[in-house]
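File shown: protein-v1.csv (CSV, C-alpha atoms).
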chain,number,residue,atom,x,y,z
A,1,MET,CA,26.8,-11.8,24.2
A,2,VAL,CA,23.5,-10.9,22.8
A,3,ASN,CA,20.7,-13.1,24.1
A,4,THR,CA,19.2,-14.2,20.8
A,5,SER,CA,15.9,-15.4,22.1
A,6,SER,CA,15.1,-12.1,23.8
A,7,PHE,CA,16.2,-10.4,20.6
A,8,TRP,CA,13.6,-12.3,18.6
A,9,ASP,CA,11.0,-11.7,21.3
A,10,PHE,CA,11.9,-8.0,21.0
A,11,VAL,CA,11.4,-7.7,17.2
A,12,SER,CA,8.3,-9.9,17.4
A,13,GLN,CA,6.5,-7.2,19.3
A,14,PRO,CA,4.4,-4.8,17.2
A,15,TRP,CA,6.7,-2.0,16.2
A,16,HIS,CA,6.2,1.5,17.5
A,17,TRP,CA,4.9,3.9,14.8
A,18,ALA,CA,8.1,6.0,14.8
A,19,VAL,CA,10.2,2.9,14.2
A,20,SER,CA,7.9,1.8,11.4
A,21,GLY,CA,7.9,5.3,9.8
A,22,ALA,CA,11.7,5.4,9.9
A,23,ALA,CA,11.9,2.0,8.3
A,24,ILE,CA,9.6,3.1,5.5
A,25,ALA,CA,11.7,6.2,5.0
A,26,LEU,CA,14.8,3.9,4.8
A,27,THR,CA,13.0,1.8,2.1
A,28,LEU,CA,12.4,5.1,0.2
A,29,ALA,CA,16.1,6.2,0.6
A,30,LEU,CA,17.4,2.7,-0.4
A,31,LEU,CA,15.3,2.6,-3.6
A,32,THR,CA,16.3,6.1,-4.5
A,33,TRP,CA,20.0,5.4,-3.9
A,34,MET,CA,19.6,2.3,-6.1
A,35,GLY,CA,18.4,4.6,-8.9
A,36,ARG,CA,14.6,3.9,-8.7
A,37,SER,CA,11.6,5.6,-7.4
A,38,PHE,CA,9.3,4.0,-4.8
A,39,GLY,CA,6.0,3.0,-6.4
A,40,VAL,CA,4.1,-0.3,-6.0
A,41,SER,CA,1.0,0.2,-8.1
A,42,THR,CA,3.0,0.3,-11.4
A,43,THR,CA,3.5,-3.5,-10.9
A,44,PHE,CA,-0.2,-3.8,-12.0
A,45,LYS,CA,0.6,-1.9,-15.2
A,46,GLY,CA,3.6,-4.2,-15.7
A,47,ILE,CA,1.5,-7.3,-15.3
A,48,CYS,CA,-1.0,-5.9,-18.0
A,49,THR,CA,2.0,-5.2,-20.2
A,50,MET,CA,3.4,-8.7,-19.7
A,51,ALA,CA,-0.1,-10.2,-20.5
A,52,GLY,CA,0.1,-8.5,-23.9
A,53,ALA,CA,-2.2,-5.5,-23.3
A,54,GLY,CA,0.2,-3.3,-25.2
A,55,LYS,CA,-0.9,-4.8,-28.4
A,56,ARG,CA,-4.3,-3.2,-28.1
A,57,ILE,CA,-3.6,-0.2,-25.9
A,58,PRO,CA,-0.4,1.9,-26.4
A,59,PHE,CA,-0.5,2.9,-22.7
A,60,PHE,CA,0.7,-0.6,-21.8
A,61,ASN,CA,3.6,-0.4,-24.2
A,62,MET,CA,6.2,-0.3,-21.5
A,63,ASN,CA,9.8,-1.2,-21.6
A,64,MET,CA,9.7,-4.1,-19.2
A,65,LYS,CA,13.5,-4.1,-18.8
A,66,ASP,CA,13.0,-1.0,-16.6
A,67,GLU,CA,10.1,-2.7,-14.7
A,68,TYR,CA,11.4,-6.1,-13.6
A,69,TRP,CA,13.0,-4.5,-10.5
A,70,ARG,CA,9.6,-3.5,-9.3
A,71,LEU,CA,8.2,-7.0,-9.7
A,72,ALA,CA,11.2,-8.3,-7.8
A,73,PHE,CA,10.5,-5.8,-5.1
A,74,ALA,CA,6.8,-6.9,-4.9
A,75,LEU,CA,7.8,-10.6,-4.8
A,76,GLY,CA,10.2,-9.7,-2.0
A,77,GLY,CA,7.2,-8.1,-0.2
A,78,ILE,CA,5.3,-11.4,-0.4
A,79,LEU,CA,8.2,-13.3,1.0
A,80,GLY,CA,8.8,-10.6,3.7
A,81,GLY,CA,5.1,-11.1,4.8
A,82,PHE,CA,5.6,-14.9,4.8
A,83,ILE,CA,8.8,-14.6,6.9
A,84,THR,CA,7.1,-12.3,9.4
A,85,ALA,CA,4.1,-14.7,9.8
A,86,GLN,CA,6.4,-17.7,10.3
A,87,PHE,CA,9.1,-16.3,12.6
A,88,LEU,CA,8.2,-12.8,13.8
A,89,GLN,CA,4.5,-13.0,14.5
A,90,SER,CA,3.2,-10.7,17.2
A,91,PRO,CA,1.8,-12.6,20.2
A,92,GLU,CA,-1.5,-10.8,20.2
A,93,PRO,CA,-3.8,-9.5,17.5
A,94,VAL,CA,-3.4,-5.8,16.5
A,95,ALA,CA,-4.3,-3.6,19.4
A,96,ILE,CA,-6.8,-1.3,17.7
A,97,SER,CA,-8.6,1.3,19.8
A,98,SER,CA,-11.5,0.2,21.9
A,99,SER,CA,-13.8,2.7,20.3
A,100,THR,CA,-13.2,1.2,16.9
A,101,ILE,CA,-13.9,-2.3,18.3
A,102,GLU,CA,-17.1,-1.1,19.8
A,103,TYR,CA,-18.2,0.6,16.6
A,104,LEU,CA,-17.4,-2.4,14.4
A,105,GLY,CA,-19.5,-4.5,16.9
A,106,THR,CA,-22.5,-2.4,16.0
A,107,LEU,CA,-22.0,-3.3,12.3
A,108,GLY,CA,-21.8,-7.0,13.3
A,109,ILE,CA,-18.1,-7.3,12.9
A,110,ALA,CA,-16.5,-8.9,16.0
A,111,TYR,CA,-12.9,-8.1,16.8
A,112,PRO,CA,-10.6,-10.0,16.5
A,113,GLU,CA,-12.8,-13.0,15.7
A,114,SER,CA,-13.8,-11.7,12.2
A,115,ASP,CA,-10.2,-12.5,11.1
A,116,ALA,CA,-10.0,-16.2,10.7
A,117,LEU,CA,-6.2,-16.1,11.3
A,118,ASN,CA,-6.9,-14.1,14.5
A,119,ARG,CA,-4.2,-11.6,13.8
A,120,GLY,CA,-6.3,-8.5,13.3
A,121,PHE,CA,-5.2,-8.0,9.7
A,122,VAL,CA,-8.1,-8.8,7.4
A,123,PRO,CA,-11.8,-9.3,8.3
A,124,THR,CA,-12.0,-12.6,6.4
A,125,GLU,CA,-15.6,-12.9,7.6
A,126,ILE,CA,-16.3,-10.1,5.0
A,127,PHE,CA,-13.7,-10.8,2.3
A,128,ASN,CA,-13.7,-14.5,1.4
A,129,PHE,CA,-14.1,-17.0,-1.4
A,130,THR,CA,-17.1,-18.6,0.2
A,131,SER,CA,-19.7,-15.9,-0.3
A,132,LEU,CA,-20.7,-14.0,-3.4
A,133,LYS,CA,-20.6,-10.8,-1.4
A,134,GLY,CA,-17.1,-11.5,-0.2
A,135,ILE,CA,-15.9,-12.2,-3.7
A,136,VAL,CA,-17.6,-9.1,-5.2
A,137,LEU,CA,-16.3,-6.8,-2.4
A,138,ALA,CA,-12.7,-8.0,-2.7
A,139,LEU,CA,-12.8,-7.6,-6.5
A,140,ALA,CA,-14.5,-4.2,-6.4
A,141,GLY,CA,-12.2,-2.8,-3.8
A,142,GLY,CA,-9.1,-4.0,-5.7
A,143,PHE,CA,-10.6,-2.6,-8.9
A,144,LEU,CA,-11.1,0.9,-7.4
A,145,VAL,CA,-7.5,0.9,-6.0
A,146,GLY,CA,-6.0,-0.2,-9.4
A,147,PHE,CA,-8.1,2.2,-11.4
A,148,GLY,CA,-7.6,5.2,-9.1
A,149,ALA,CA,-3.8,4.5,-8.7
A,150,ARG,CA,-3.3,4.5,-12.5
A,151,TYR,CA,-5.6,7.5,-13.1
A,152,GLY,CA,-3.6,9.5,-10.5
A,153,ASP,CA,-0.3,7.9,-11.6
A,154,GLY,CA,0.6,6.6,-8.2
A,155,CYS,CA,-0.6,5.0,-5.0
A,156,THR,CA,0.3,5.5,-1.3
A,157,SER,CA,4.0,4.7,-1.9
A,158,GLY,CA,4.3,6.9,-4.9
A,159,HIS,CA,2.3,9.9,-3.7
A,160,ALA,CA,1.9,9.8,0.1
A,161,ILE,CA,5.5,8.7,0.7
A,162,SER,CA,7.7,9.4,-2.3
A,163,GLY,CA,5.8,12.4,-3.7
A,164,LEU,CA,5.3,14.1,-0.4
A,165,ALA,CA,8.9,13.5,0.5
A,166,HIS,CA,9.8,15.3,-2.7
A,167,LEU,CA,7.4,18.1,-1.7
A,168,GLN,CA,5.1,17.6,-4.7
A,169,LEU,CA,1.9,19.6,-4.8
A,170,PRO,CA,0.1,17.1,-7.1
A,171,SER,CA,0.9,14.4,-4.6
A,172,LEU,CA,-0.6,16.4,-1.7
A,173,ILE,CA,-3.8,16.9,-3.7
A,174,THR,CA,-3.9,13.2,-4.5
A,175,VAL,CA,-3.5,12.3,-0.8
A,176,ILE,CA,-6.4,14.7,0.0
A,177,GLY,CA,-8.3,12.7,-2.6
A,178,PHE,CA,-7.4,9.5,-0.8
A,179,PHE,CA,-9.0,10.9,2.3
A,180,ILE,CA,-12.1,12.2,0.5
A,181,GLY,CA,-12.7,8.7,-0.9
A,182,GLY,CA,-11.6,6.9,2.3
A,183,LEU,CA,-13.9,9.0,4.6
A,184,LEU,CA,-16.8,8.6,2.2
A,185,MET,CA,-16.4,4.8,2.2
A,186,THR,CA,-15.7,4.4,5.9
A,187,HIS,CA,-18.5,6.7,7.2
A,188,LEU,CA,-21.2,6.3,4.6
A,189,LEU,CA,-20.8,3.5,2.1
A,190,PHE,CA,-19.3,0.8,4.2
A,191,PRO,CA,-22.0,0.8,6.9
A,192,MET,CA,-24.6,0.6,4.0
A,193,LEU,CA,-22.7,-2.3,2.4
A,194,MET,CA,-22.6,-4.2,5.8
A,195,GLY,CA,-26.4,-3.6,6.2
A,196,MET,CA,-27.1,-5.2,2.8
B,1,MET,CA,21.6,-9.9,-10.3
B,2,LYS,CA,20.4,-6.3,-9.7
B,3,ASN,CA,16.9,-7.5,-9.4
B,4,THR,CA,18.1,-9.7,-6.5
B,5,SER,CA,18.9,-6.6,-4.5
B,6,PHE,CA,15.4,-5.1,-5.1
B,7,PHE,CA,14.0,-8.5,-4.1
B,8,ILE,CA,15.9,-8.2,-0.8
B,9,VAL,CA,14.7,-4.6,-0.2
B,10,GLY,CA,11.2,-6.0,-0.9
B,11,ILE,CA,11.7,-8.6,1.9
B,12,PHE,CA,12.6,-5.8,4.3
B,13,PHE,CA,9.6,-3.8,3.2
B,14,GLY,CA,7.3,-6.9,3.7
B,15,ILE,CA,8.6,-7.3,7.2
B,16,VAL,CA,8.2,-3.6,8.0
B,17,MET,CA,4.7,-3.4,6.6
B,18,THR,CA,3.6,-6.4,8.7
B,19,LYS,CA,5.3,-5.4,12.0
B,20,SER,CA,4.1,-1.8,11.6
B,21,GLU,CA,0.5,-3.2,11.3
B,22,ALA,CA,0.0,-0.8,8.3
B,23,ILE,CA,-1.3,-3.9,6.4
B,24,SER,CA,-4.2,-4.2,8.8
B,25,TRP,CA,-7.7,-3.5,7.5
B,26,PHE,CA,-8.7,-2.6,11.1
B,27,ARG,CA,-5.8,-0.1,11.4
B,28,ILE,CA,-7.0,1.6,8.2
B,29,HIS,CA,-10.6,1.7,9.3
B,30,GLU,CA,-9.5,3.1,12.7
B,31,MET,CA,-7.4,5.8,10.8
B,32,PHE,CA,-10.4,6.9,8.7
B,33,ARG,CA,-12.4,7.1,11.9
B,34,PHE,CA,-9.7,9.2,13.6
B,35,GLU,CA,-9.7,6.9,16.6
B,36,SER,CA,-6.0,6.3,16.8
B,37,PHE,CA,-2.7,8.2,16.1
B,38,HIS,CA,-0.9,5.0,14.9
B,39,MET,CA,-1.2,5.3,11.1
B,40,TYR,CA,-0.8,9.1,11.2
B,41,GLY,CA,2.4,8.5,13.2
B,42,ILE,CA,3.7,6.1,10.7
B,43,ILE,CA,3.0,8.1,7.6
B,44,GLY,CA,4.1,11.4,9.2
B,45,THR,CA,7.4,10.0,10.4
B,46,ALA,CA,8.0,8.4,7.0
B,47,VAL,CA,7.3,11.6,5.1
B,48,ILE,CA,9.4,13.8,7.4
B,49,LEU,CA,12.4,11.5,7.5
B,50,GLY,CA,11.9,10.7,3.8
B,51,ALA,CA,11.8,14.4,2.9
B,52,ALA,CA,15.0,15.0,5.0
B,53,ALA,CA,16.7,12.1,3.2
B,54,MET,CA,15.7,13.3,-0.3
B,55,TRP,CA,16.8,16.8,0.6
B,56,ALA,CA,20.2,15.6,1.8
B,57,MET,CA,20.7,13.4,-1.2
B,58,LYS,CA,20.0,16.4,-3.5
B,59,LYS,CA,21.9,18.9,-1.5
B,60,PHE,CA,25.1,16.9,-1.2
B,61,LYS,CA,24.7,15.6,-4.8
B,62,ILE,CA,24.9,12.0,-3.8
B,63,LYS,CA,25.2,9.7,-6.8
B,64,THR,CA,22.8,6.8,-7.1
B,65,LEU,CA,24.2,3.3,-8.0
B,66,ALA,CA,23.1,4.1,-11.6
B,67,GLY,CA,25.5,7.0,-11.5
B,68,THR,CA,22.8,9.6,-11.7
B,69,LEU,CA,21.8,12.4,-9.4
B,70,VAL,CA,18.6,12.3,-7.4
B,71,THR,CA,15.8,14.0,-9.3
B,72,TYR,CA,12.0,13.9,-9.4
B,73,ASN,CA,9.9,14.2,-12.5
B,74,PRO,CA,7.2,16.7,-11.5
B,75,MET,CA,3.7,15.7,-12.6
B,76,LYS,CA,1.5,18.3,-14.3
B,77,LEU,CA,-0.7,19.9,-11.7
B,78,SER,CA,-4.4,19.1,-12.4
B,79,LEU,CA,-6.7,19.6,-9.5
B,80,LYS,CA,-9.6,17.8,-11.1
B,81,ARG,CA,-7.6,14.7,-12.1
B,82,HIS,CA,-5.8,14.3,-8.8
B,83,LEU,CA,-8.8,14.8,-6.6
B,84,LEU,CA,-10.9,12.5,-8.7
B,85,ALA,CA,-8.2,9.8,-9.0
B,86,GLY,CA,-7.3,10.1,-5.4
B,87,SER,CA,-11.0,9.8,-4.3
B,88,ILE,CA,-11.5,6.6,-6.4
B,89,PHE,CA,-8.4,5.1,-4.9
B,90,GLY,CA,-9.5,6.1,-1.4
B,91,LEU,CA,-12.9,4.4,-1.8
B,92,GLY,CA,-11.1,1.2,-2.7
B,93,TRP,CA,-8.4,1.6,0.0
B,94,ALA,CA,-11.0,2.1,2.8
B,95,LEU,CA,-13.1,-0.8,1.5
B,96,VAL,CA,-10.4,-3.6,1.2
B,97,GLY,CA,-8.3,-1.9,3.9
B,98,CYS,CA,-5.1,-2.2,1.9
B,99,CYS,CA,-3.2,-0.2,-0.8
B,100,PRO,CA,-1.0,-2.0,-3.4
B,101,GLY,CA,2.1,-2.7,-1.2
B,102,PRO,CA,0.1,-4.4,1.6
B,103,MET,CA,-1.9,-6.5,-1.0
B,104,TYR,CA,1.3,-8.3,-1.8
B,105,VAL,CA,2.5,-8.4,1.9
B,106,LEU,CA,-0.9,-9.8,3.1
B,107,LEU,CA,-0.8,-12.5,0.5
B,108,GLY,CA,2.6,-13.6,2.0
B,109,ASN,CA,1.0,-13.4,5.4
B,110,GLY,CA,-1.4,-16.2,4.3
B,111,TYR,CA,-4.4,-14.1,3.4
B,112,VAL,CA,-5.2,-15.9,0.1
B,113,ILE,CA,-8.2,-13.7,-0.6
B,114,MET,CA,-5.6,-11.1,-1.7
B,115,ILE,CA,-5.3,-13.0,-5.0
B,116,LEU,CA,-8.8,-11.7,-5.7
B,117,VAL,CA,-8.0,-8.1,-4.5
B,118,LEU,CA,-4.9,-8.1,-6.7
B,119,LEU,CA,-6.9,-9.5,-9.7
B,120,GLY,CA,-9.4,-6.6,-9.2
B,121,ALA,CA,-6.5,-4.1,-9.1
B,122,ILE,CA,-5.0,-5.5,-12.3
B,123,LEU,CA,-8.5,-5.3,-14.0
B,124,GLY,CA,-8.9,-1.8,-12.7
B,125,THR,CA,-5.5,-0.8,-14.2
B,126,TYR,CA,-6.5,-2.4,-17.5
B,127,THR,CA,-9.8,-0.6,-17.5
B,128,TYR,CA,-8.1,2.7,-16.9
B,129,GLY,CA,-6.0,2.0,-20.0
B,130,LEU,CA,-9.2,1.4,-22.0
B,131,VAL,CA,-11.0,4.6,-20.9
B,132,MET,CA,-8.2,7.0,-20.2
B,133,ASP,CA,-8.8,9.1,-23.3
B,134,LYS,CA,-12.3,9.9,-22.0
B,135,LEU,CA,-11.2,11.1,-18.5
B,136,PRO,CA,-10.2,14.6,-17.6
B,137,HIS,CA,-6.4,14.8,-17.1
Since I need it in another form, could you write the structure as structure tokens?
Amino acid sequence: MVNTSSFWDFVSQPWHWAVSGAAIALTLALLTWMGRSFGVSTTFKGICTMAGAGKRIPFFNMNMKDEYWRLAFALGGILGGFITAQFLQSPEPVAISSSTIEYLGTLGIAYPESDALNRGFVPTEIFNFTSLKGIVLALAGGFLVGFGARYGDGCTSGHAISGLAHLQLPSLITVIGFFIGGLLMTHLLFPMLMGM
Amino acid sequence: MKNTSFFIVGIFFGIVMTKSEAISWFRIHEMFRFESFHMYGIIGTAVILGAAAMWAMKKFKIKTLAGTLVTYNPMKLSLKRHLLAGSIFGLGWALVGCCPGPMYVLLGNGYVIMILVLLGAILGTYTYGLVMDKLPH
């Protein structure tokens, strides 16, 4: 007999990075076996197409019949997040390193209190609907992600996971780009934005 | 019916992304500050095991459910385009602390602000379509 309550306690812990990495590789293998390639950012293009952007810009003339699976996958992702929050939530906020906590403190970001849900997922103190700065930063960050992903024809799932797993040089260069932009934001721009 | 199976894989992905903490803004910030191995461990494991799986599927000519062989359409190599596009993406990734997959998963986790982040991403995608002819490719 499997003790079900200890099983749920077990999966409700944060997962080890190796388990998580293996589970992401399994997602890639499943999607590939199902005849599709892993890539989430193309859902944004699909939404533009569905909203009628193809009438003005040929780039958005996509055959949506080949795209609905991706939207179904993204909707599943939303439900998966919901299920985890309801039934598999970790007992403690994300255990980030003490040096990151200390550094964020110098920027005025308290951990984990800056996340209103106290899970260590999003600093809602920065990104929220109640301040102009919060709205602008959320929109601007999303904008850069959407623009960059389409320009490079892929995001983390398409390039860092799928592209690298297929040993693609363009994907490796894109991932190096992710780090150039990410390091610039984290070390230079973000502290400036927080000081404003 | 087939979309239902992708929906189910999506649910699995949502659980994995949440439990792995890869959806955490703080984990991404920590990664770009090189203060923890966590995210590198996740991505490294995913790439190594993923590469092994892709290699095996090609090597043993495993048919997909669509009846096709596993292939990959290589992208044209353009250093300028990929570095520029990647850097723009990276700026946004490090700012909002989430890439496209986690945006959806965080929304499901109750972070309603992701509606704005997703809206921004859709606007960014549309803007790329508007100006793509003027960008180096």
Quick one: of B:Cys98, B:Ile11, B:Leu79, B:Met57, who's nearest to chain A, counting all atoms listed in the file? B:Ile11
If we count all atoms listed in the file and set the cut-off at 8 Å, which residues sit around Gly181 in chain A, ignoring sequence neighbours fewer than 3 positions away in its own chain? Please answer as a count of residues only. 12
Hey, which of A:Thr49, A:Ser6, A:Ser114, A:Ser20 ends up closest to chain B? Count only C-alpha atoms. A:Ser20
In Å to one decimal, how far is CA of Leu118 in chain B from CA of Phe44 in chain A? 8.3 Å
Could you list, as an MDAnalysis selection string, every residue within 8 Å of Arg33 in chain B, counting all atoms listed in the file and ignoring same-chain residues fewer than 4 positions away? (chainID A and resid 100 183 186:187) or (chainID B and resid 29)
Excluding Leu117 in chain A and any residue of its chain fewer than 2 positions from it, enumerate the residues within 12 Å of it, using only C-alpha atoms, and give them as JSON, numbers by chain. {"A": [85, 89, 92, 93, 94, 111, 112, 113, 114, 115, 119, 120, 121, 122, 123, 124, 125], "B": [106, 109, 110, 111, 112]}
Which residues come within 7 Å of range 74-77 of chain A, counting all atoms listed in the file, excluding same-chain residues fewer than 2 positions away, as a VMD selection string? (chain A and resid 70 to 72 79 to 81) or (chain B and resid 7 to 8 10 to 11 13 to 14 104 to 105)
Pick from A:Ile109, A:Ala22, A:Ala51, A:Val136, whichever lies nearest to chain B using all atoms listed in the file: A:Ala22
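For Lys59 in chain B, the non-local neighbours within 12 Å, defined as residues at least 6 positions apart in the same chain or in other chains and counting all atoms listed in the file, are Ala51, Ala52, Ala53, Leu69, Val70 and Thr71 of chain B.
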Please save C-alpha atoms of the selected residues as a tab-separated table (two decimals), in the frame of the given file.
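As a result, selection-v7.tsv now contains:
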chain	number	residue	atom	x	y	z
B	51	ALA	CA	11.80	14.40	2.90
B	52	ALA	CA	15.00	15.00	5.00
B	53	ALA	CA	16.70	12.10	3.20
B	69	LEU	CA	21.80	12.40	-9.40
B	70	VAL	CA	18.60	12.30	-7.40
B	71	THR	CA	15.80	14.00	-9.30
What's the separation between CA of Leu188 in chain A and CA of Pro100 in chain B, in Å to one decimal place? 23.3 Å
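Taking all atoms listed in the file into account, chain A lies nearest to B:Lys19 out of the set B:His137, B:Lys19, B:Lys58, B:Lys80.
For the residues A:Met62, A:Ile176, A:Leu167, A:Leu104, ranking by smallest atom-to-atom distance to Ile48 in chain B using all atoms listed in the file places A:Leu167 first.
Take the candidates A:Ile101, A:Val145, A:Ala110, A:Ala116 and check each one against chain B using only C-alpha atoms; the shortest distance goes to A:Val145.
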Using all atoms listed in the file, what residues lie at most 8 Å away from (-9.0, -2.3, -12.9) (file coordinates), given as a compact mmCIF listing (two decimals) with C-alpha atoms, in the frame of the given file?
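The result, stored in point30.txt:
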# COMPACT_ATOMS: atom_id res chain seq x y z
CA GLY A 142 -9.10 -4.00 -5.70
CA PHE A 143 -10.60 -2.60 -8.90
CA LEU A 144 -11.10 0.90 -7.40
CA VAL A 145 -7.50 0.90 -6.00
CA GLY A 146 -6.00 -0.20 -9.40
CA PHE A 147 -8.10 2.20 -11.40
CA GLY B 120 -9.40 -6.60 -9.20
CA ALA B 121 -6.50 -4.10 -9.10
CA ILE B 122 -5.00 -5.50 -12.30
CA LEU B 123 -8.50 -5.30 -14.00
CA GLY B 124 -8.90 -1.80 -12.70
CA THR B 125 -5.50 -0.80 -14.20
CA TYR B 126 -6.50 -2.40 -17.50
CA THR B 127 -9.80 -0.60 -17.50
CA TYR B 128 -8.10 2.70 -16.90
